[in-house]
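Dumped upload_27.pdb below, it's PDB, C-alpha atoms:
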ATOM      1  CA  MET Q   1     -12.070  24.055  -6.638  1.00  0.00           C
ATOM      2  CA  ALA Q   2     -12.068  27.745  -5.719  1.00  0.00           C
ATOM      3  CA  THR Q   3     -11.625  28.639  -2.075  1.00  0.00           C
ATOM      4  CA  PRO Q   4     -15.146  29.060  -0.670  1.00  0.00           C
ATOM      5  CA  GLN Q   5     -16.110  32.429   0.748  1.00  0.00           C
ATOM      6  CA  HIS Q   6     -18.766  33.466   3.238  1.00  0.00           C
ATOM      7  CA  SER Q   7     -19.243  36.400   5.585  1.00  0.00           C
ATOM      8  CA  ILE Q   8     -19.253  34.541   8.914  1.00  0.00           C
ATOM      9  CA  GLN Q   9     -16.352  35.144  11.290  1.00  0.00           C
ATOM     10  CA  PHE Q  10     -15.730  34.450  14.964  1.00  0.00           C
ATOM     11  CA  PRO Q  11     -14.463  36.757  17.717  1.00  0.00           C
ATOM     12  CA  ASN Q  12     -10.797  37.770  17.447  1.00  0.00           C
ATOM     13  CA  GLU Q  13      -9.913  35.342  14.678  1.00  0.00           C
ATOM     14  CA  SER Q  14      -6.833  36.243  12.648  1.00  0.00           C
ATOM     15  CA  ALA Q  15      -6.524  36.520   8.908  1.00  0.00           C
ATOM     16  CA  SER Q  16      -4.254  33.450   8.905  1.00  0.00           C
ATOM     17  CA  TYR Q  17      -6.885  31.451  10.797  1.00  0.00           C
ATOM     18  CA  ARG Q  18      -9.599  32.470   8.324  1.00  0.00           C
ATOM     19  CA  ALA Q  19      -7.398  31.582   5.360  1.00  0.00           C
ATOM     20  CA  ALA Q  20      -6.641  28.142   6.819  1.00  0.00           C
ATOM     21  CA  ARG Q  21     -10.284  27.644   7.738  1.00  0.00           C
ATOM     22  CA  ASN Q  22     -11.392  28.470   4.203  1.00  0.00           C
ATOM     23  CA  GLU Q  23      -8.910  25.960   2.830  1.00  0.00           C
ATOM     24  CA  LEU Q  24     -10.325  23.349   5.208  1.00  0.00           C
ATOM     25  CA  LEU Q  25     -13.855  24.331   4.208  1.00  0.00           C
ATOM     26  CA  SER Q  26     -13.002  23.568   0.611  1.00  0.00           C
ATOM     27  CA  ALA Q  27     -11.834  20.093   1.626  1.00  0.00           C
ATOM     28  CA  GLU Q  28     -14.974  19.591   3.725  1.00  0.00           C
ATOM     29  CA  LEU Q  29     -17.174  20.452   0.748  1.00  0.00           C
ATOM     30  CA  GLU Q  30     -15.311  17.912  -1.367  1.00  0.00           C
ATOM     31  CA  LEU Q  31     -15.667  15.290   1.374  1.00  0.00           C
ATOM     32  CA  ARG Q  32     -19.406  15.904   1.560  1.00  0.00           C
ATOM     33  CA  LYS Q  33     -19.716  15.424  -2.179  1.00  0.00           C
ATOM     34  CA  LYS Q  34     -17.667  12.226  -2.021  1.00  0.00           C
ATOM     35  CA  LEU Q  35     -19.823  10.839   0.806  1.00  0.00           C
ATOM     36  CA  GLU Q  36     -22.920  11.554  -1.268  1.00  0.00           C
ATOM     37  CA  GLU Q  37     -21.342   9.911  -4.318  1.00  0.00           C
ATOM     38  CA  VAL Q  38     -20.513   6.776  -2.315  1.00  0.00           C
ATOM     39  CA  ALA Q  39     -24.016   6.673  -0.832  1.00  0.00           C
ATOM     40  CA  THR Q  40     -25.467   6.915  -4.351  1.00  0.00           C
ATOM     41  CA  LEU Q  41     -23.287   4.026  -5.545  1.00  0.00           C
ATOM     42  CA  ARG Q  42     -24.391   1.991  -2.545  1.00  0.00           C
ATOM     43  CA  ARG Q  43     -28.067   2.603  -3.286  1.00  0.00           C
ATOM     44  CA  LYS Q  44     -27.511   1.501  -6.881  1.00  0.00           C
ATOM     45  CA  LEU Q  45     -26.188  -1.914  -5.870  1.00  0.00           C
ATOM     46  CA  PRO Q  46     -28.136  -4.777  -7.439  1.00  0.00           C
ATOM     47  CA  LEU Q  47     -29.638  -7.266  -5.046  1.00  0.00           C
ATOM     48  CA  GLY Q  48     -27.161  -9.731  -3.629  1.00  0.00           C
ATOM     49  CA  GLY Q  49     -27.773 -13.401  -3.010  1.00  0.00           C
ATOM     50  CA  GLU Q  50     -31.114 -14.691  -1.772  1.00  0.00           C
ATOM     51  CA  LEU Q  51     -31.184 -15.312   1.972  1.00  0.00           C
ATOM     52  CA  LEU Q  52     -29.381 -18.581   2.632  1.00  0.00           C
ATOM     53  CA  GLU Q  53     -31.739 -19.671   5.413  1.00  0.00           C
ATOM     54  CA  ASP Q  54     -34.664 -18.183   7.292  1.00  0.00           C
ATOM     55  CA  TYR Q  55     -32.720 -18.196  10.546  1.00  0.00           C
ATOM     56  CA  THR Q  56     -34.487 -18.637  13.871  1.00  0.00           C
ATOM     57  CA  PHE Q  57     -33.264 -16.319  16.625  1.00  0.00           C
ATOM     58  CA  GLU Q  58     -34.169 -15.970  20.265  1.00  0.00           C
ATOM     59  CA  GLU Q  59     -35.349 -12.484  21.131  1.00  0.00           C
ATOM     60  CA  GLY Q  60     -35.181 -10.698  24.457  1.00  0.00           C
ATOM     61  CA  PRO Q  61     -37.888  -8.287  25.547  1.00  0.00           C
ATOM     62  CA  ALA Q  62     -37.730  -4.698  24.415  1.00  0.00           C
ATOM     63  CA  ASP Q  63     -38.316  -3.472  27.984  1.00  0.00           C
ATOM     64  CA  ILE Q  64     -35.282  -5.478  29.267  1.00  0.00           C
ATOM     65  CA  THR Q  65     -37.028  -6.017  32.599  1.00  0.00           C
ATOM     66  CA  GLY Q  66     -37.293  -9.740  32.118  1.00  0.00           C
ATOM     67  CA  SER Q  67     -41.069  -9.618  32.454  1.00  0.00           C
ATOM     68  CA  THR Q  68     -41.606 -10.588  28.814  1.00  0.00           C
ATOM     69  CA  PRO Q  69     -40.789 -14.207  27.940  1.00  0.00           C
ATOM     70  CA  VAL Q  70     -38.056 -14.995  25.448  1.00  0.00           C
ATOM     71  CA  GLN Q  71     -39.517 -15.818  22.055  1.00  0.00           C
ATOM     72  CA  LYS Q  72     -38.268 -17.469  18.902  1.00  0.00           C
ATOM     73  CA  ILE Q  73     -38.435 -15.365  15.763  1.00  0.00           C
ATOM     74  CA  ARG Q  74     -37.366 -15.976  12.187  1.00  0.00           C
ATOM     75  CA  LEU Q  75     -35.384 -13.461  10.190  1.00  0.00           C
ATOM     76  CA  SER Q  76     -38.311 -13.044   7.800  1.00  0.00           C
ATOM     77  CA  GLU Q  77     -40.495 -12.036  10.745  1.00  0.00           C
ATOM     78  CA  LEU Q  78     -38.169  -9.120  11.558  1.00  0.00           C
ATOM     79  CA  PHE Q  79     -39.641  -7.268   8.569  1.00  0.00           C
ATOM     80  CA  ALA Q  80     -42.530  -5.154   9.809  1.00  0.00           C
ATOM     81  CA  PRO Q  81     -45.588  -4.634   7.585  1.00  0.00           C
ATOM     82  CA  GLY Q  82     -44.875  -1.932   5.044  1.00  0.00           C
ATOM     83  CA  LYS Q  83     -41.097  -2.103   5.498  1.00  0.00           C
ATOM     84  CA  ASP Q  84     -38.799  -3.944   3.094  1.00  0.00           C
ATOM     85  CA  THR Q  85     -35.352  -3.134   4.508  1.00  0.00           C
ATOM     86  CA  LEU Q  86     -33.763  -4.834   7.505  1.00  0.00           C
ATOM     87  CA  VAL Q  87     -30.487  -3.736   9.103  1.00  0.00           C
ATOM     88  CA  LEU Q  88     -28.788  -6.263  11.390  1.00  0.00           C
ATOM     89  CA  TYR Q  89     -25.738  -5.349  13.449  1.00  0.00           C
ATOM     90  CA  SER Q  90     -23.701  -8.261  14.794  1.00  0.00           C
ATOM     91  CA  PHE Q  91     -21.727  -7.300  17.873  1.00  0.00           C
ATOM     92  CA  MET Q  92     -18.849  -9.139  19.474  1.00  0.00           C
ATOM     93  CA  PHE Q  93     -20.285 -10.951  22.486  1.00  0.00           C
ATOM     94  CA  GLY Q  94     -19.704 -14.654  22.058  1.00  0.00           C
ATOM     95  CA  PRO Q  95     -20.486 -17.322  24.647  1.00  0.00           C
ATOM     96  CA  ASN Q  96     -16.811 -17.715  25.558  1.00  0.00           C
ATOM     97  CA  MET Q  97     -16.112 -13.997  25.899  1.00  0.00           C
ATOM     98  CA  PRO Q  98     -16.042 -12.885  29.560  1.00  0.00           C
ATOM     99  CA  SER Q  99     -17.336  -9.445  28.553  1.00  0.00           C
ATOM    100  CA  PRO Q 100     -18.595  -7.792  25.376  1.00  0.00           C
ATOM    101  CA  CYS Q 101     -16.352  -5.930  22.968  1.00  0.00           C
ATOM    102  CA  THR Q 102     -15.856  -2.422  24.314  1.00  0.00           C
ATOM    103  CA  ALA Q 103     -15.995  -0.896  20.828  1.00  0.00           C
ATOM    104  CA  CYS Q 104     -19.258  -2.653  19.927  1.00  0.00           C
ATOM    105  CA  THR Q 105     -20.692  -1.641  23.290  1.00  0.00           C
ATOM    106  CA  SER Q 106     -19.843   1.987  22.581  1.00  0.00           C
ATOM    107  CA  ILE Q 107     -21.584   1.737  19.210  1.00  0.00           C
ATOM    108  CA  LEU Q 108     -24.701   0.203  20.753  1.00  0.00           C
ATOM    109  CA  ASP Q 109     -24.808   2.782  23.548  1.00  0.00           C
ATOM    110  CA  GLY Q 110     -25.249   5.354  20.788  1.00  0.00           C
ATOM    111  CA  LEU Q 111     -27.614   3.306  18.652  1.00  0.00           C
ATOM    112  CA  ASN Q 112     -29.867   2.684  21.651  1.00  0.00           C
ATOM    113  CA  GLY Q 113     -30.850   6.336  21.561  1.00  0.00           C
ATOM    114  CA  ALA Q 114     -31.165   6.396  17.772  1.00  0.00           C
ATOM    115  CA  ALA Q 115     -33.083   3.119  17.425  1.00  0.00           C
ATOM    116  CA  ILE Q 116     -36.568   4.619  17.807  1.00  0.00           C
ATOM    117  CA  HIS Q 117     -35.810   6.971  14.923  1.00  0.00           C
ATOM    118  CA  ILE Q 118     -34.191   4.285  12.777  1.00  0.00           C
ATOM    119  CA  ARG Q 119     -37.120   1.895  13.112  1.00  0.00           C
ATOM    120  CA  ASN Q 120     -39.534   4.562  11.956  1.00  0.00           C
ATOM    121  CA  ARG Q 121     -37.965   4.192   8.506  1.00  0.00           C
ATOM    122  CA  VAL Q 122     -36.375   0.707   8.334  1.00  0.00           C
ATOM    123  CA  ASP Q 123     -36.313  -2.407  10.488  1.00  0.00           C
ATOM    124  CA  PHE Q 124     -33.294  -2.684  12.764  1.00  0.00           C
ATOM    125  CA  ALA Q 125     -32.038  -5.279  15.241  1.00  0.00           C
ATOM    126  CA  VAL Q 126     -28.859  -6.314  17.031  1.00  0.00           C
ATOM    127  CA  VAL Q 127     -27.469  -9.866  17.013  1.00  0.00           C
ATOM    128  CA  ALA Q 128     -24.936 -11.582  19.270  1.00  0.00           C
ATOM    129  CA  LYS Q 129     -23.791 -15.183  19.565  1.00  0.00           C
ATOM    130  CA  SER Q 130     -24.214 -15.367  23.333  1.00  0.00           C
ATOM    131  CA  PRO Q 131     -27.324 -16.947  24.867  1.00  0.00           C
ATOM    132  CA  ILE Q 132     -30.212 -14.536  25.120  1.00  0.00           C
ATOM    133  CA  GLU Q 133     -29.981 -14.498  28.930  1.00  0.00           C
ATOM    134  CA  ARG Q 134     -26.477 -13.001  28.759  1.00  0.00           C
ATOM    135  CA  ILE Q 135     -27.547 -10.458  26.160  1.00  0.00           C
ATOM    136  CA  ARG Q 136     -30.574  -9.469  28.242  1.00  0.00           C
ATOM    137  CA  ALA Q 137     -28.440  -9.028  31.362  1.00  0.00           C
ATOM    138  CA  LEU Q 138     -25.973  -6.848  29.467  1.00  0.00           C
ATOM    139  CA  ALA Q 139     -28.770  -4.741  28.014  1.00  0.00           C
ATOM    140  CA  GLN Q 140     -30.370  -4.254  31.406  1.00  0.00           C
ATOM    141  CA  GLY Q 141     -27.089  -3.137  32.919  1.00  0.00           C
ATOM    142  CA  ARG Q 142     -26.470  -0.598  30.163  1.00  0.00           C
ATOM    143  CA  GLY Q 143     -30.049   0.625  29.808  1.00  0.00           C
ATOM    144  CA  TRP Q 144     -30.507  -0.559  26.231  1.00  0.00           C
ATOM    145  CA  LYS Q 145     -34.278  -0.272  26.326  1.00  0.00           C
ATOM    146  CA  ASN Q 146     -34.696   0.701  22.651  1.00  0.00           C
ATOM    147  CA  LEU Q 147     -32.623  -2.005  20.945  1.00  0.00           C
ATOM    148  CA  ARG Q 148     -34.200  -5.105  19.481  1.00  0.00           C
ATOM    149  CA  LEU Q 149     -31.893  -7.839  20.792  1.00  0.00           C
ATOM    150  CA  LEU Q 150     -31.419 -11.227  19.151  1.00  0.00           C
ATOM    151  CA  SER Q 151     -29.364 -14.287  20.033  1.00  0.00           C
ATOM    152  CA  SER Q 152     -27.838 -16.344  17.231  1.00  0.00           C
ATOM    153  CA  ALA Q 153     -26.537 -18.948  19.698  1.00  0.00           C
ATOM    154  CA  ASN Q 154     -28.496 -21.719  17.990  1.00  0.00           C
ATOM    155  CA  ASN Q 155     -28.129 -20.803  14.332  1.00  0.00           C
ATOM    156  CA  ALA Q 156     -25.428 -20.188  11.720  1.00  0.00           C
ATOM    157  CA  TYR Q 157     -26.294 -16.568  10.900  1.00  0.00           C
ATOM    158  CA  ASN Q 158     -23.050 -15.126  12.291  1.00  0.00           C
ATOM    159  CA  ARG Q 159     -20.909 -17.579  10.393  1.00  0.00           C
ATOM    160  CA  ASP Q 160     -22.835 -17.313   7.125  1.00  0.00           C
ATOM    161  CA  TYR Q 161     -22.967 -13.505   7.081  1.00  0.00           C
ATOM    162  CA  HIS Q 162     -19.475 -12.883   8.443  1.00  0.00           C
ATOM    163  CA  GLY Q 163     -20.232 -11.978  12.038  1.00  0.00           C
ATOM    164  CA  GLU Q 164     -17.653 -14.544  13.111  1.00  0.00           C
ATOM    165  CA  THR Q 165     -14.652 -16.377  11.689  1.00  0.00           C
ATOM    166  CA  PRO Q 166     -14.664 -20.106  10.857  1.00  0.00           C
ATOM    167  CA  GLN Q 167     -12.849 -20.563  14.178  1.00  0.00           C
ATOM    168  CA  GLY Q 168     -15.729 -18.926  16.049  1.00  0.00           C
ATOM    169  CA  ASN Q 169     -14.074 -15.573  16.772  1.00  0.00           C
ATOM    170  CA  GLN Q 170     -16.628 -12.784  16.727  1.00  0.00           C
ATOM    171  CA  ILE Q 171     -16.515  -9.969  14.144  1.00  0.00           C
ATOM    172  CA  PRO Q 172     -18.402  -6.660  14.268  1.00  0.00           C
ATOM    173  CA  SER Q 173     -20.560  -6.725  11.190  1.00  0.00           C
ATOM    174  CA  LEU Q 174     -23.407  -4.737   9.673  1.00  0.00           C
ATOM    175  CA  ASN Q 175     -25.642  -6.417   7.111  1.00  0.00           C
ATOM    176  CA  VAL Q 176     -28.581  -4.994   5.186  1.00  0.00           C
ATOM    177  CA  PHE Q 177     -31.301  -7.220   3.738  1.00  0.00           C
ATOM    178  CA  ALA Q 178     -34.031  -6.281   1.257  1.00  0.00           C
ATOM    179  CA  ARG Q 179     -37.390  -7.944   0.689  1.00  0.00           C
ATOM    180  CA  ARG Q 180     -38.677  -8.090  -2.872  1.00  0.00           C
ATOM    181  CA  ASP Q 181     -41.775  -9.970  -4.075  1.00  0.00           C
ATOM    182  CA  GLY Q 182     -41.884 -12.088  -0.937  1.00  0.00           C
ATOM    183  CA  LYS Q 183     -38.210 -13.083  -1.118  1.00  0.00           C
ATOM    184  CA  ILE Q 184     -35.346 -11.791   1.013  1.00  0.00           C
ATOM    185  CA  PHE Q 185     -31.991 -10.832  -0.456  1.00  0.00           C
ATOM    186  CA  HIS Q 186     -28.691  -9.716   0.986  1.00  0.00           C
ATOM    187  CA  PHE Q 187     -28.033  -6.125  -0.069  1.00  0.00           C
ATOM    188  CA  TYR Q 188     -24.961  -4.779   1.726  1.00  0.00           C
ATOM    189  CA  HIS Q 189     -22.168  -5.590   4.151  1.00  0.00           C
ATOM    190  CA  THR Q 190     -19.514  -3.255   5.559  1.00  0.00           C
ATOM    191  CA  GLU Q 191     -16.718  -4.945   3.603  1.00  0.00           C
ATOM    192  CA  LEU Q 192     -14.043  -2.348   4.351  1.00  0.00           C
ATOM    193  CA  LEU Q 193     -13.142  -4.726   7.169  1.00  0.00           C
ATOM    194  CA  PHE Q 194     -11.948  -7.285   4.627  1.00  0.00           C
ATOM    195  CA  ALA Q 195     -10.223  -4.895   2.210  1.00  0.00           C
ATOM    196  CA  PRO Q 196      -6.404  -4.818   2.048  1.00  0.00           C
ATOM    197  CA  LYS Q 197      -5.008  -2.783   4.921  1.00  0.00           C
ATOM    198  CA  GLU Q 198      -3.347   0.521   4.131  1.00  0.00           C
ATOM    199  CA  PRO Q 199      -0.502   1.942   6.275  1.00  0.00           C
ATOM    200  CA  GLY Q 200      -1.882   3.671   9.345  1.00  0.00           C
ATOM    201  CA  GLN Q 201      -5.444   2.575   8.629  1.00  0.00           C
ATOM    202  CA  ASP Q 202      -7.636   0.040  10.342  1.00  0.00           C
ATOM    203  CA  GLY Q 203     -10.884  -1.328   8.948  1.00  0.00           C
ATOM    204  CA  ARG Q 204     -13.059   1.598  10.091  1.00  0.00           C
ATOM    205  CA  HIS Q 205     -15.894  -0.252   8.431  1.00  0.00           C
ATOM    206  CA  VAL Q 206     -18.643   0.925  10.793  1.00  0.00           C
ATOM    207  CA  ASP Q 207     -17.361   4.452  11.476  1.00  0.00           C
ATOM    208  CA  LEU Q 208     -20.401   6.029   9.869  1.00  0.00           C
ATOM    209  CA  ILE Q 209     -22.676   4.588  12.570  1.00  0.00           C
ATOM    210  CA  TRP Q 210     -20.202   5.302  15.403  1.00  0.00           C
ATOM    211  CA  PRO Q 211     -20.496   8.979  16.359  1.00  0.00           C
ATOM    212  CA  ILE Q 212     -17.690   9.298  18.927  1.00  0.00           C
ATOM    213  CA  TRP Q 213     -14.891   9.127  16.352  1.00  0.00           C
ATOM    214  CA  ASN Q 214     -16.576  11.655  14.112  1.00  0.00           C
ATOM    215  CA  LEU Q 215     -16.887  14.019  17.054  1.00  0.00           C
ATOM    216  CA  PHE Q 216     -13.218  13.518  17.993  1.00  0.00           C
ATOM    217  CA  ASP Q 217     -12.287  14.383  14.401  1.00  0.00           C
ATOM    218  CA  TYR Q 218     -13.526  17.924  15.114  1.00  0.00           C
ATOM    219  CA  THR Q 219     -11.062  18.428  17.987  1.00  0.00           C
ATOM    220  CA  PRO Q 220      -7.376  19.488  18.105  1.00  0.00           C
ATOM    221  CA  GLU Q 221      -6.505  16.081  19.597  1.00  0.00           C
ATOM    222  CA  GLY Q 222      -8.273  14.149  16.863  1.00  0.00           C
ATOM    223  CA  ARG Q 223      -8.870  10.424  17.240  1.00  0.00           C
ATOM    224  CA  GLY Q 224      -5.439   9.784  18.649  1.00  0.00           C
ATOM    225  CA  THR Q 225      -3.763   6.394  18.609  1.00  0.00           C
ATOM    226  CA  ASP Q 226      -3.949   5.268  22.218  1.00  0.00           C
ATOM    227  CA  TRP Q 227      -7.538   5.962  23.306  1.00  0.00           C
ATOM    228  CA  HIS Q 228     -10.131   3.225  23.171  1.00  0.00           C
ATOM    229  CA  PRO Q 229     -13.663   3.062  24.576  1.00  0.00           C
ATOM    230  CA  LYS Q 230     -14.212   1.203  27.840  1.00  0.00           C
ATOM    231  CA  LEU Q 231     -17.213  -0.447  29.458  1.00  0.00           C
ATOM    232  CA  ALA Q 232     -16.887   2.019  32.356  1.00  0.00           C
ATOM    233  CA  TYR Q 233     -14.762   5.073  33.188  1.00  0.00           C
TER     234      TYR Q 233
END

Mind converting the file's structure to structure tokens?
Amino acid sequence: MATPQHSIQFPNESASYRAARNELLSAELELRKKLEEVATLRRKLPLGGELLEDYTFEEGPADITGSTPVQKIRLSELFAPGKDTLVLYSFMFGPNMPSPCTACTSILDGLNGAAIHIRNRVDFAVVAKSPIERIRALAQGRGWKNLRLLSSANNAYNRDYHGETPQGNQIPSLNVFARRDGKIFHFYHTELLFAPKEPGQDGRHVDLIWPIWNLFDYTPEGRGTDWHPKLAY
């Protein structure tokens, strides 16, 4: 690919900087194309297996004030009228964990702000294995007023759709379900987590919904190897 050219420059930049930046721009253009190619392949996936069970969850109130009673809701009822795609994110907050996963919490802090936009196009909810009371308390403390929060404490959803191991250890997991002709099918899972590990790489299976790492990638420091999100700073 030819080195891209444009007329934009920044104050006092050197010729060597512009040459290096143009080389990087070429790589960025290729990356954008590759991301679009992967997204196209993903959209072309055939439907996966039919939903194993119409799981019953407990749901906390959207306003997280505790004023709305907990209700039971089936997975099929998470599809709003006129919407046929459901995204469920399983985060690591099991009943035996003293605190939630810091990485998952960071992801949900970001998705809380995005949720109102996401749900305008597709259905979206967040699932954890802890009892709904623990999830509600966590949400209230972090101000997650826009997330639809579900407890899978009394069903096998996490185990069946790889949000936990057979031993009960929790796994961060994003699943997409599609409704067709009144039936619900599994469509997609972030399976990079299960792929063979490459040297210097971790799963990075939910990076595309986790903005902090993408922002760090723009900086001289990059992602680094010793920084991890915390519940508080």

Spatial sel., origin (-28.9, -6.8, -1.6), limit 8 Å, only C-alpha atoms, listed as a list in words: Leu45, Pro46, Leu47, Gly48, Gly49, Val176, Phe177, Ala178, Phe185, His186, Phe187 and Tyr188 of chain Q

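Across the model, the gap from atom CA of Q:Leu25 to atom CA of Q:Ile8 is 12.5 Å.
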
Pairwise distance for atom CA of Q:Lys183 and atom CA of Q:Ser76, rounded to one decimal in Å: 8.9 Å

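Proximity of Q:Pro100, Q:Gly82, Q:Pro166, Q:Gly141 to Q:Arg119, computed with only C-alpha atoms, is greatest for Q:Gly82.
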
Selection result of the PyMOL selection byres ((chain Q and resi 106-111) around 12) on this file, as a ChimeraX atom specification: /Q:89-92,100-105,112-119,124-128,138-149,172-174,206-213,228-232

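Straight-line separation from atom CA of Q:Leu78 to atom CA of Q:Asp123: 7.0 Å.
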
With 5 Å on each side, where is the centre of the axis-aligned box around all listed atoms of stretch 121-125 of chain Q, and how long are its edges in Å to one decimal, as JSON?
{"center_x": -35.0, "center_y": -0.5, "center_z": 11.8, "size_x": 15.9, "size_y": 19.5, "size_z": 16.9}

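Nearest-residue note for Q:His189: choosing from Q:Arg18, Q:His6, Q:Arg42, Q:Arg74, the minimum distance belongs to Q:Arg42, counting only C-alpha atoms.
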
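The residues that lie within 7 Å of the point (-13.2, 24.9, -0.2), counting all atoms listed in the file, are Met1, Ala2, Thr3, Pro4, Asn22, Glu23, Leu24, Leu25, Ser26, Ala27, Glu28 and Leu29 of chain Q.
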
Selection dump of the PyMOL selection byres ((chain Q and resi 169) around 10), as an NGL selection string: :Q and (92-94 or 96-97 or 159 or 163-168 or 170-171)

Nearest to Q:Thr85, chosen from Q:Ser14, Q:Thr225, Q:Ser7, Q:Asn120, with only C-alpha atoms counted in the distances: Q:Asn120

Selected residue of minimal separation from Q:Arg179 among Q:Glu13, Q:Thr56, Q:Glu36, Q:Asp84, counting all atoms listed in the file: Q:Asp84

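Among the candidates Q:Gly60, Q:Pro199, Q:Glu53, Q:Ala39, the one nearest to Q:Ala137 when counting only C-alpha atoms is Q:Gly60.
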
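Across Q:Leu86, Q:Ala15, Q:Tyr233, Q:Glu59, the tightest approach to Q:Pro131 is made by Q:Glu59 when counting all atoms listed in the file.
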
Residues returned when the PyMOL selection byres ((chain Q and resi 54) around 10) runs on this file, as a PyMOL selection string: chain Q and resi 51-53+55-57+73-77+155+157+184

Go ahead and dump the residues you just picked, C-alpha atoms, as a PDB file, in the frame of the given file.
ATOM      1  CA  LEU Q  51     -31.184 -15.312   1.972  1.00  0.00           C
ATOM      2  CA  LEU Q  52     -29.381 -18.581   2.632  1.00  0.00           C
ATOM      3  CA  GLU Q  53     -31.739 -19.671   5.413  1.00  0.00           C
ATOM      4  CA  TYR Q  55     -32.720 -18.196  10.546  1.00  0.00           C
ATOM      5  CA  THR Q  56     -34.487 -18.637  13.871  1.00  0.00           C
ATOM      6  CA  PHE Q  57     -33.264 -16.319  16.625  1.00  0.00           C
ATOM      7  CA  ILE Q  73     -38.435 -15.365  15.763  1.00  0.00           C
ATOM      8  CA  ARG Q  74     -37.366 -15.976  12.187  1.00  0.00           C
ATOM      9  CA  LEU Q  75     -35.384 -13.461  10.190  1.00  0.00           C
ATOM     10  CA  SER Q  76     -38.311 -13.044   7.800  1.00  0.00           C
ATOM     11  CA  GLU Q  77     -40.495 -12.036  10.745  1.00  0.00           C
ATOM     12  CA  ASN Q 155     -28.129 -20.803  14.332  1.00  0.00           C
ATOM     13  CA  TYR Q 157     -26.294 -16.568  10.900  1.00  0.00           C
ATOM     14  CA  ILE Q 184     -35.346 -11.791   1.013  1.00  0.00           C
TER      15      ILE Q 184
END
